[in-house]
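The structure appears below as structure tokens.
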Amino acid sequence: KKEPERRYASAANVADDIDRFQSGFPVLARPDTFRYRASKFVRRNLAAVAATSILLIAVVGGMAATLWQASIAAMERDRAQLQAQKAEKINAYLQNVLNFSNPHWLSSNPQRNREATVAEAMDEALKNIEVDLAGEPEIQGEILFTLCQSYVSQGDYAKAERLARSAIEKFDLALGPDNVKSIKAGVVLGDALYLTGKFDEAETYYTKSIEYIRPRLAEDPSLAKWITIALNDMGNVDIIKGKFREAETKILEAISHAEKITGTDRFALPITLGNQASVLLHLGDFRGSIEYSNRSLNEMKLLGTDRTFEAGVAWLTVGRAYTLMDDYQQASPHYELANELLVSTVGEKNPFTQSNRYHTANNKFKAGQTAEALELVQKTIATQKEIFPNGHFTLSFSRRLLGEIYTNMGRLKAGEQELRDALSFMAKSVKEPNHEISLIKTVLGENLIAQKRMSEARETLNSALDGYLKTRGDDDQFTDRCRALLNSIPE
């Protein structure tokens with residue numbers, strides 16, 4: 001270099017730099033940077049640096065894994081604590097409900113009366129939920145969901161519907177849309193809608209639940225209970241609509257899921273077996289219906305639940321099968337057993353208890369016990385009106401029977417009025433073609449024949465026959481009866 005300061009001062013300096021270069025040390029001719037000195041150090045101590053690096057990576061990796069595991073553990077701990085806190089709040093709130101009849105000053109009942117009912121306790125709990133649990137939408141949803149299921153079992157479907165909708169709203173707010181808790185609440189909402197005759201809307205909620213759960217069943221087997229309920233109850237909607245084969249497909253799938261359930265939730269199995277018995281009634285397989293009812297009852301015995309409301313419904317189905325086989329004497333004790341179980345579990349003023357009363361009255365009428373049938377069906381209608389002051393599709397069954405009894409007794413105008421009212425009730429809930437509408441029209445056609453109004457009778461019966469052919473088929477006892485009535489009308 002031209003600049004003296006950039007040249008070696010002597011030959012000895014050059015020799016020293018060459019020695020440093022050959023020994024792997026930094027040379028004076030290079031800028032003295034950390035990177036340069038580090039690279040020289042690594043080359044001189046390659047084996048030691050490699051071993052140290054491996055050790056360092058292991059230590060750092062181990063520390064990272066430990067920190068990650070600690071983070072996961074902390075998250076799990078926090079989640080468990082959060083769930084415990086939620087459970088504690090829910091339990092505390094529901095304990096207030098259970099403590100409602102306590103006359104002590106600690107009671108949640110402002111009246112302090114020992115005669116307070118659970119229904120009153122639940123009503124009181126609902127008054128304060130927004131204030132007591134403000135800012136806790138998920139916990140509010142859990143309590144609303146629990147209470148709405150209780151209201152369904154009590155037969156207060158309007159209140160159950162309202163609470164189920166509120167529960168879904170709370171869950172969506174806390175967890176976002178399309179969450180599993182809202183899906184479960186949607187199944188119960190579907191039940192409340194179905195039991196109030198809102199079949200199309202119920203079907204919408206059942207369908208949404210089924211489509212949500214099916215792809216998630218493998219990873220979460222606990223959802224088997226909920227898809228079983230949704231399929232089973234959607235099958236009930238199909239039965240009312242007269243789509244019996246579609247109902248059977250859904251209920252058989254429900255049974256396949258229920259058979260895999262263990263523990264207390266296995267109670268879903270006898271319920272689905274009982275529903276298949278109901279489907280077979282409509283398909284004309286009465287012996288098969290009795291067989292499925294017996295399977296349902298046997299399963300209940302194994303589970304220790306053969307004295308429940310559901311057992312009462314199973315005995316009712318057996319009675320209906322014998323009535324349809326014209327074995328009225330054999331049917332009678334099954335209705336009596338069903339009545340005993342239903343009254344003791346859900347009470348007199350329950351739609352299922354009254355449904356059993358209607359079928360009992362129908363069996364008596366078919367057996368020729370007209371006076372007893374008339375008295376029983378009139379009491380049934382009075383109770384149904386009390387339960388459903390705004391009307392209900394189940395009233396159409398009882399009023400159809402009353403119209404048929406009046407027609408048989410020669411009270412033709414009174415019978416016609418009951419039948420037209422029954423037709424009006426049913427038409428508000430289902431669309432034609434429908435087998436229940438056809439059944440009412442068949443009895444109405446018989447009434448009109450008795451009144452010598454042949455043209456009206458023919459038109460009514462032709463409409464009924466069309467409905468039967470589309471829902472029950474040509475080879476069916478109800479279709480045959482309708483056709484026989486039509487053939488009896490003189491040209």
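The way I read the labels, and the way they are meant: chains A, B, ... in the order of the structure tokens, residue 1 as the first residue of every chain, and ligand 1 as the first ligand shown, with later ones counted on from there.
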
Selection near Leu342 (chain A), 8 Å with only C-alpha atoms, sequence-local residues under 2 positions removed, as a PyMOL selection string = chain A and resi 308-309+312-313+338-340+344-348+352-353

Residue subset to file, keeping N, CA and C atoms, as a PDB file, in the first residue's frame:
```pdb
ATOM      1  N   THR A 308     -91.754 -45.297  34.181  1.00  0.00           N
ATOM      2  CA  THR A 308     -91.604 -43.912  33.759  1.00  0.00           C
ATOM      3  C   THR A 308     -92.717 -43.509  32.795  1.00  0.00           C
ATOM      4  N   PHE A 309     -92.711 -42.212  32.487  1.00  0.00           N
ATOM      5  CA  PHE A 309     -93.631 -41.669  31.490  1.00  0.00           C
ATOM      6  C   PHE A 309     -93.473 -42.383  30.148  1.00  0.00           C
ATOM      7  N   GLY A 312     -95.185 -45.590  29.997  1.00  0.00           N
ATOM      8  CA  GLY A 312     -96.620 -45.384  29.778  1.00  0.00           C
ATOM      9  C   GLY A 312     -96.950 -45.226  28.309  1.00  0.00           C
ATOM     10  N   VAL A 313     -96.100 -44.475  27.579  1.00  0.00           N
ATOM     11  CA  VAL A 313     -96.309 -44.287  26.138  1.00  0.00           C
ATOM     12  C   VAL A 313     -96.164 -45.615  25.400  1.00  0.00           C
ATOM     13  N   ALA A 338    -101.124 -47.817  30.959  1.00  0.00           N
ATOM     14  CA  ALA A 338    -100.560 -46.565  30.446  1.00  0.00           C
ATOM     15  C   ALA A 338    -101.082 -45.376  31.250  1.00  0.00           C
ATOM     16  N   ASN A 339    -102.373 -45.392  31.553  1.00  0.00           N
ATOM     17  CA  ASN A 339    -102.969 -44.287  32.307  1.00  0.00           C
ATOM     18  C   ASN A 339    -102.350 -44.186  33.701  1.00  0.00           C
ATOM     19  N   GLU A 340    -102.165 -45.334  34.339  1.00  0.00           N
ATOM     20  CA  GLU A 340    -101.580 -45.346  35.682  1.00  0.00           C
ATOM     21  C   GLU A 340    -100.188 -44.709  35.681  1.00  0.00           C
ATOM     22  N   SER A 344     -99.204 -40.869  37.177  1.00  0.00           N
ATOM     23  CA  SER A 344     -98.260 -40.831  38.298  1.00  0.00           C
ATOM     24  C   SER A 344     -96.966 -40.103  37.954  1.00  0.00           C
ATOM     25  N   THR A 345     -96.650 -39.969  36.669  1.00  0.00           N
ATOM     26  CA  THR A 345     -95.378 -39.336  36.292  1.00  0.00           C
ATOM     27  C   THR A 345     -95.548 -37.910  35.768  1.00  0.00           C
ATOM     28  N   VAL A 346     -96.502 -37.697  34.870  1.00  0.00           N
ATOM     29  CA  VAL A 346     -96.652 -36.345  34.300  1.00  0.00           C
ATOM     30  C   VAL A 346     -97.970 -35.684  34.678  1.00  0.00           C
ATOM     31  N   GLY A 347     -98.873 -36.443  35.317  1.00  0.00           N
ATOM     32  CA  GLY A 347    -100.111 -35.847  35.814  1.00  0.00           C
ATOM     33  C   GLY A 347    -101.271 -35.909  34.839  1.00  0.00           C
ATOM     34  N   GLU A 348    -102.434 -35.520  35.350  1.00  0.00           N
ATOM     35  CA  GLU A 348    -103.667 -35.542  34.552  1.00  0.00           C
ATOM     36  C   GLU A 348    -103.600 -34.560  33.390  1.00  0.00           C
ATOM     37  N   PHE A 352     -99.957 -36.109  26.816  1.00  0.00           N
ATOM     38  CA  PHE A 352     -99.814 -37.550  26.602  1.00  0.00           C
ATOM     39  C   PHE A 352    -100.844 -38.329  27.429  1.00  0.00           C
ATOM     40  N   THR A 353    -101.121 -37.854  28.623  1.00  0.00           N
ATOM     41  CA  THR A 353    -102.164 -38.492  29.430  1.00  0.00           C
ATOM     42  C   THR A 353    -103.505 -38.391  28.712  1.00  0.00           C
TER      43      THR A 353
END
```

### Contacts of region 460-475 of chain A at 6 Å (only C-alpha atoms; same-chain gap of 4+ positions) as a PyMOL selection string
chain A and resi 242+433-435+438+441-442+445+479

Between A:Asp220, A:Glu386, A:Asp191, A:Glu169, which residue has the minimum interatomic distance to Gln354 (chain A), considering only C-alpha atoms?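 Closest candidate: A:Glu386.
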
request  = Find the residues near Lys225 (chain A): any atom within 10 Å, counting only C-alpha atoms, skip ones fewer than 5 places away on the same chain, and give them as a PyMOL selection string.
outcome  = chain A and resi 184+230+254+257-258+260-262+265-269

What's around Ala167 (chain A) at 6 Å? Count only C-alpha atoms, leave out sequence neighbours fewer than 3 positions away in its own chain, and write the answer as a compact mmCIF listing (two decimals) with N, CA and C atoms, in the first residue's frame.
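Saved the output as around.txt:
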```txt
# COMPACT_ATOMS: atom_id res chain seq x y z
N GLY A 141 -77.18 -19.06 29.60
CA GLY A 141 -77.65 -20.04 28.62
C GLY A 141 -77.81 -21.43 29.20
N LEU A 144 -80.94 -21.44 31.43
CA LEU A 144 -82.13 -21.37 30.58
C LEU A 144 -82.37 -22.71 29.88
N PHE A 145 -81.28 -23.35 29.43
CA PHE A 145 -81.37 -24.64 28.75
C PHE A 145 -81.91 -25.71 29.70
N ALA A 164 -85.82 -21.81 25.28
CA ALA A 164 -84.85 -22.43 24.37
C ALA A 164 -84.29 -21.39 23.41
N LYS A 170 -78.08 -16.68 24.08
CA LYS A 170 -76.98 -16.51 25.04
C LYS A 170 -75.74 -17.29 24.61
```

With only C-alpha atoms as the counted atoms, please give the residues lying no more than 10 Å from His359 (chain A), apart from itself and same-chain residues fewer than 2 positions off, as a list in words. Leu316, Thr317, Gly319, Arg320, Thr323, Ala331, Ser332, Tyr335, Gln354, Ser355, Asn356, Arg357, Ala361, Asn362, Asn363, Lys364, Phe365, Ala373, Val377, Phe397, Ser398 and Leu401 of chain A

Saved selection, atoms kept: C-alpha atoms, as a PDB file, in the first residue's frame:
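Output saved as result_39.pdb:
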```
ATOM      1  CA  LEU A 316    -100.312 -46.952  25.017  1.00  0.00           C
ATOM      2  CA  THR A 317     -98.779 -48.047  21.701  1.00  0.00           C
ATOM      3  CA  GLY A 319    -103.094 -50.816  23.267  1.00  0.00           C
ATOM      4  CA  ARG A 320    -103.420 -48.969  19.951  1.00  0.00           C
ATOM      5  CA  THR A 323    -107.458 -51.719  18.874  1.00  0.00           C
ATOM      6  CA  ALA A 331    -106.317 -53.492  24.274  1.00  0.00           C
ATOM      7  CA  SER A 332    -108.138 -52.332  27.401  1.00  0.00           C
ATOM      8  CA  TYR A 335    -104.580 -48.424  28.196  1.00  0.00           C
ATOM      9  CA  GLN A 354    -105.053 -37.039  27.456  1.00  0.00           C
ATOM     10  CA  SER A 355    -103.890 -38.796  24.296  1.00  0.00           C
ATOM     11  CA  ASN A 356    -104.152 -42.092  26.179  1.00  0.00           C
ATOM     12  CA  ARG A 357    -107.659 -41.088  27.336  1.00  0.00           C
ATOM     13  CA  ALA A 361    -112.422 -43.737  24.557  1.00  0.00           C
ATOM     14  CA  ASN A 362    -111.916 -44.807  20.938  1.00  0.00           C
ATOM     15  CA  ASN A 363    -111.367 -48.416  22.037  1.00  0.00           C
ATOM     16  CA  LYS A 364    -114.574 -48.317  24.111  1.00  0.00           C
ATOM     17  CA  PHE A 365    -116.504 -46.886  21.164  1.00  0.00           C
ATOM     18  CA  ALA A 373    -116.806 -43.585  25.287  1.00  0.00           C
ATOM     19  CA  VAL A 377    -114.024 -38.201  25.252  1.00  0.00           C
ATOM     20  CA  PHE A 397    -108.306 -36.298  17.306  1.00  0.00           C
ATOM     21  CA  SER A 398    -110.733 -36.053  20.210  1.00  0.00           C
ATOM     22  CA  LEU A 401    -114.002 -39.164  17.755  1.00  0.00           C
TER      23      LEU A 401
END
```

Using 12 Å as the limit and counting only C-alpha atoms, can you tabulate each residue of region 119-200 of chain A that touches region 419-432 of chain A, with its shortest atom-to-atom distance in Å and the two atoms involved, as CSV?
```
residue,atom,partner,partner_atom,distance
A:Leu193,CA,A:Ser429,CA,11.2
A:Tyr194,CA,A:Ser429,CA,10.0
A:Leu195,CA,A:Ser429,CA,10.9
A:Thr196,CA,A:Ser429,CA,9.1
A:Gly197,CA,A:Ser429,CA,5.6
A:Lys198,CA,A:Ser429,CA,6.7
A:Phe199,CA,A:Ser429,CA,7.2
A:Asp200,CA,A:Val430,CA,8.9
```

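Nearest to Leu303 (chain A) of all the residues A:Ala134, A:Cys148, A:Leu444, A:Pro270 is A:Pro270, counting only C-alpha atoms.
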
Restricting to only C-alpha atoms, whichever of A:Asp156, A:Glu491, A:Glu201, A:Asp123 is closest to Val237 (chain A) is A:Glu201

From the list A:Arg458, A:Glu138, A:Glu259, A:Ile213, the nearest residue to Gly176 (chain A) using only C-alpha atoms is A:Glu138

Neighbours of Gln451 (chain A) within 9 Å (only C-alpha atoms; same-chain residues fewer than 5 positions away dropped), as a ChimeraX atom specification? /A:412-413,446

| Mind checking DSSP for region 413-480 of chain A and telling me the helix (DSSP H, G or I) residues as a ChimeraX atom specification? | /A:413-429,435-450,454-471,477-480

Problem set entry | Length of the CA of Leu486 (chain A) to CA of Val279 (chain A) vector [Å] |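 Answer for the CA of Leu486 (chain A) to CA of Val279 (chain A) separation: 27.6 Å.
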
Checklist entry - Near Tyr212 (chain A), counting only C-alpha atoms, which residues have an atom at most 10 Å away, once you skip same-chain residues fewer than 4 positions from it, shown as number ranges by chain? => result A: 178-180, 183, 206-208, 216-217, 227

Produce a file of the selected residues containing C-alpha atoms, as a PDB file, in the first residue's frame.
```
ATOM      1  CA  ASP A 178     -72.626 -22.609  15.138  1.00  0.00           C
ATOM      2  CA  ASN A 179     -71.590 -23.857  18.592  1.00  0.00           C
ATOM      3  CA  VAL A 180     -72.517 -27.254  20.017  1.00  0.00           C
ATOM      4  CA  ILE A 183     -77.217 -27.090  18.594  1.00  0.00           C
ATOM      5  CA  TYR A 206     -83.859 -30.970  13.798  1.00  0.00           C
ATOM      6  CA  THR A 207     -82.255 -30.877  10.346  1.00  0.00           C
ATOM      7  CA  LYS A 208     -79.684 -28.275  11.415  1.00  0.00           C
ATOM      8  CA  ARG A 216     -68.486 -34.681  14.461  1.00  0.00           C
ATOM      9  CA  LEU A 217     -69.677 -37.982  15.934  1.00  0.00           C
ATOM     10  CA  ILE A 227     -78.408 -36.973  17.082  1.00  0.00           C
TER      11      ILE A 227
END
```

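The interatomic distance for the pair CA of Leu133 (chain A) and CA of Tyr205 (chain A) works out to 27.6 Å.
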
Which residue gives the smallest distance to Ala185 (chain A) among A:Leu173, A:Ser166, A:Arg287, A:Tyr292, with only C-alpha atoms counted?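 Closest residue, counting only C-alpha atoms: A:Ser166.
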